[in-house]
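Below: one structure, written as structure tokens.
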Amino acid sequence: MRKFKLNFVNLFGYKSHIRYCMLIITLTICLLTGNANASIIPGADRTDQYLNKLKGKNLALVVNQTSRVGNDHLVDFLLEKKLTIKRIFAPEHGFRGEAGAGELVSNSKDAGTGIPIVSIYGKNHKPTAAQLEDVDVVIFDIQDVGCRFYTYISTLHYVMESCAENNKQLLILDRPNPNGDYFDGPVLQPAFRSFVGMDPIPVVHGCTIGELAQMINGEKWLANGVQTSLEIVRVANYTHSMKYDPPVRPSPNLPNYLAIRLYPSLCFFEATSVSVGRGTQFPFQVLGYPDPSLGKFTFIPLIIKGLEMNPLQKDKNCFGEDLRQITTVPPFTLSWFIDWLGKFKNRGEFLTREQWFNKLMGNDVVLKLVLEGKSEAEIRKSWAAELNDYGVVRQKYLLYPDSNTKK
């Protein structure tokens with residue numbers, strides 16, 4: 001038994017008996033409760049796959065609150081292993097995930113370790129040559145949710161580009177995609193490229209961060225066709241058909257699995273006057289507007305320190321739908337958006353930011369069809385061919401078994 005225990009510890013990189021025991025307890029609880037995450041081992045937890053390769057190297061980390069090895073933050077874990085971290089690059093929401101959506105992230109120092117934190121969300125989206133000069137390996141470990149407009153993958157694009165241009169190794173510690181069981185939506189058109197859409201992928205891309213990085217590299221989507229020296233530590237025991245509920249919220253307004261699954265469909269309401277629940281304890285799980293005729297369910301968006309400082313319809317009683325009551329969450333759909341558009345006599349009262357909608361959607365065709373009164377089935381035909389082409393490209397870069405093609 002002792003020999004088996006030691007081998008198990010070495011296999012997962014847990015040399016501490018405490019950490020080993022915690023792992024066993026966690027796995028046991030997961031198995032007993034039927035948690036779908038039980039058998040999945042994210043790349044960061046497969047420490048035997050990367051620790052030895054990092055010895056003697058100067059590291060830079062692109063991380064946030066989701067970057068965990070067991071219960072430890074990746075930064076703390078690597079420092080415990082006596083590895084050298086030169087700096088931390090902070091994406092949207094910051095290193096600790098405490099900044100609101102779109103809120104400026106500033107340069108600073110980590111209070112616990114004194115390591116410089118460099119913002120790559122704001123004026124500077126891309127690590128500079130000077131910031132990488134004393135770095136050998138850049139580690140990217142962030143939980144994604146599988147949507148093109150979720151800006152962590154835009155950060156990935158720029159980090160890859162900088163590593164390629166400065167001849168730096170990029171190590172990705174891969175994580176499952178909680179919306180990775182399908183892909184759907186129109187593929188981004190070049191005219192609508194922005195930080196909420198960098199690459200020609202659909203709204204729901206169906207890839208892990210590692211798979212997407214391979215696609216960006218292989219399809220030469222980086223500036224001037226440069227390619228990154230890329231290594232990926234894969235997730236163990238994962239397939240795309242598995243449910244995965246991230247143990248740490250990916251961003252402040254995606255607090256649970258329901259919000260993550262609804263996010264691809266509800267994000268388009270950010271271009272409207274309808275609240276998706278920002279400023280409540282259930283963001284991206286409700287829909288409402290200050291009009292009693294829109295439903296019996298009510299909520300009031302409020303300022304929540306550290307979560308939402310200026311929510312839409314702040315301090316107003318909103319009436320609408322509580323999507324926490326639905327039993328099955330559909331994959332990406334326009335049905336809620338089309339339905340709510342029909343509730344407003346004045347289109348302009350509902351759709352307040354048409355350009356933002358088009359940026360999120362990746363083209364201006366879908367909105368035109370919606371406003372013409374086309375059904376969702378008719379609108380889907382507008383992206384069917386490009387989505388099929390994307391599916392062929394995606395297949396080349398998959399790292400994990402996939403039984404699904406598209407919605």
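The chains in the structure tokens are called A, B, ... from first to last as shown; in each chain the residues are counted from 1, and the ligands are counted from 1 in the order shown.
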Q: Name the residues in contact with A:Asp136 at a cut-off of 10 Å, using only C-alpha atoms, excluding same-chain residues fewer than 5 positions from it; report them as a PyMOL selection string.
A: chain A and resi 54+56-60+86+163+167-170
Take the residues just selected and output them with C-alpha atoms as a JSON list (two decimals), in the first residue's frame.
[["chain", "number", "residue", "atom", "x", "y", "z"],
["A", 54, "LEU", "CA", 10.64, 24.96, -15.33],
["A", 56, "GLY", "CA", 16.25, 27.22, -13.58],
["A", 57, "LYS", "CA", 13.93, 29.20, -15.87],
["A", 58, "ASN", "CA", 12.67, 32.76, -15.46],
["A", 59, "LEU", "CA", 8.88, 32.70, -15.64],
["A", 60, "ALA", "CA", 6.07, 35.12, -16.46],
["A", 86, "LYS", "CA", 9.64, 37.60, -12.83],
["A", 163, "CYS", "CA", 5.86, 35.24, -27.46],
["A", 167, "ASN", "CA", 11.16, 34.03, -29.28],
["A", 168, "LYS", "CA", 9.69, 33.00, -25.94],
["A", 169, "GLN", "CA", 8.27, 29.60, -25.05],
["A", 170, "LEU", "CA", 4.55, 29.55, -24.19]]
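Surrounding stretch 202-208 of chain A within 6 Å are A:Gly146, A:Cys147, A:Arg148, A:Pro176, A:Asn177, A:Gly180, A:Tyr182, A:Phe183, A:Asp184, A:Gly185, A:Pro186, A:Val187, A:Leu212, with only C-alpha atoms counted and residues fewer than 4 positions along the same chain left out.
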Q: Give me the residues within 6 Å of stretch 347-364 of chain A as a list of chain:residue names, counting only C-alpha atoms and dropping any in the same chain fewer than 4 places off.
A: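 Counting only C-alpha atoms, the residues come to A:Leu188, A:Gln189, A:Phe192, A:Ala271, A:Thr272, A:Ser273.
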Export of the given selection (N, CA and C atoms) as a PDB file, in the first residue's frame:
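Once everything was written out, this is again_35.pdb:
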ATOM      1  N   LEU A 188     -16.775  35.168 -37.014  1.00  0.00           N
ATOM      2  CA  LEU A 188     -16.383  36.580 -37.040  1.00  0.00           C
ATOM      3  C   LEU A 188     -15.921  37.018 -38.423  1.00  0.00           C
ATOM      4  N   GLN A 189     -16.476  38.124 -38.900  1.00  0.00           N
ATOM      5  CA  GLN A 189     -16.055  38.732 -40.156  1.00  0.00           C
ATOM      6  C   GLN A 189     -14.979  39.790 -39.876  1.00  0.00           C
ATOM      7  N   PHE A 192     -15.437  43.319 -38.319  1.00  0.00           N
ATOM      8  CA  PHE A 192     -15.961  43.440 -36.958  1.00  0.00           C
ATOM      9  C   PHE A 192     -14.962  42.958 -35.912  1.00  0.00           C
ATOM     10  N   ALA A 271     -26.341  44.923 -25.344  1.00  0.00           N
ATOM     11  CA  ALA A 271     -26.525  45.987 -26.339  1.00  0.00           C
ATOM     12  C   ALA A 271     -27.929  46.585 -26.253  1.00  0.00           C
ATOM     13  N   THR A 272     -28.644  46.274 -25.174  1.00  0.00           N
ATOM     14  CA  THR A 272     -30.032  46.720 -25.023  1.00  0.00           C
ATOM     15  C   THR A 272     -30.234  47.434 -23.686  1.00  0.00           C
ATOM     16  N   SER A 273     -31.456  47.844 -23.460  1.00  0.00           N
ATOM     17  CA  SER A 273     -31.827  48.469 -22.186  1.00  0.00           C
ATOM     18  C   SER A 273     -32.305  47.447 -21.163  1.00  0.00           C
TER      19      SER A 273
END
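For the pair atom CA of A:Leu262 and atom CA of A:Gln285, the separation is 7.0 Å.
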Q | Those in stretch 305-366 of chain A with strand (DSSP E) from DSSP, as number ranges by chain | A | A: 318-322
Q. Stretch 303-317 of chain A: which residues within 9 Å, counting only C-alpha atoms, same-chain residues fewer than 5 positions away excluded, as number ranges by chain?
A. A: 98-101, 252-253, 270, 273-280, 288-292, 298
Q. Separation of atom CA of A:Asp389 and atom CA of A:Glu211, in Å?
A.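 Separation of atom CA of A:Asp389 and atom CA of A:Glu211: 16.8 Å.
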Sort by chain and increasing residue number a table of all residues of stretch 232-335 of chain A within 12 Å of stretch 379-383 of chain A, each with its closest pair of atoms and their distance in Å to one decimal, counting only C-alpha atoms, and write it as JSON lines.
{"residue": "A:Phe332", "atom": "CA", "partner": "A:Arg380", "partner_atom": "CA", "distance": 11.1}
{"residue": "A:Thr333", "atom": "CA", "partner": "A:Arg380", "partner_atom": "CA", "distance": 9.7}
{"residue": "A:Leu334", "atom": "CA", "partner": "A:Ile379", "partner_atom": "CA", "distance": 9.1}
{"residue": "A:Ser335", "atom": "CA", "partner": "A:Ile379", "partner_atom": "CA", "distance": 11.0}
(Q) List as a PyMOL selection string the protein and nucleic acid residues near A:Asn217, meaning an atom at most 8 Å away when only C-alpha atoms are counted, but skip any in the same chain fewer than 3 places from it. (A) chain A and resi 213-214+220-222+226-228
Output file for the residues above (C-alpha atoms, as a short mmCIF file (atom, residue, chain, number, x, y, z; two decimals), in the first residue's frame):
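The resulting file, out18.cif, is reproduced below:
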data_model
loop_
_atom_site.label_atom_id
_atom_site.label_comp_id
_atom_site.auth_asym_id
_atom_site.auth_seq_id
_atom_site.Cartn_x
_atom_site.Cartn_y
_atom_site.Cartn_z
CA ALA A 213 -4.09 28.12 -29.24
CA GLN A 214 -3.21 25.28 -31.62
CA LYS A 220 -1.47 31.53 -38.86
CA TRP A 221 -3.93 34.05 -37.44
CA LEU A 222 -1.24 35.99 -35.57
CA VAL A 226 4.14 34.36 -36.92
CA GLN A 227 3.85 31.15 -34.91
CA THR A 228 4.44 30.54 -31.23
#
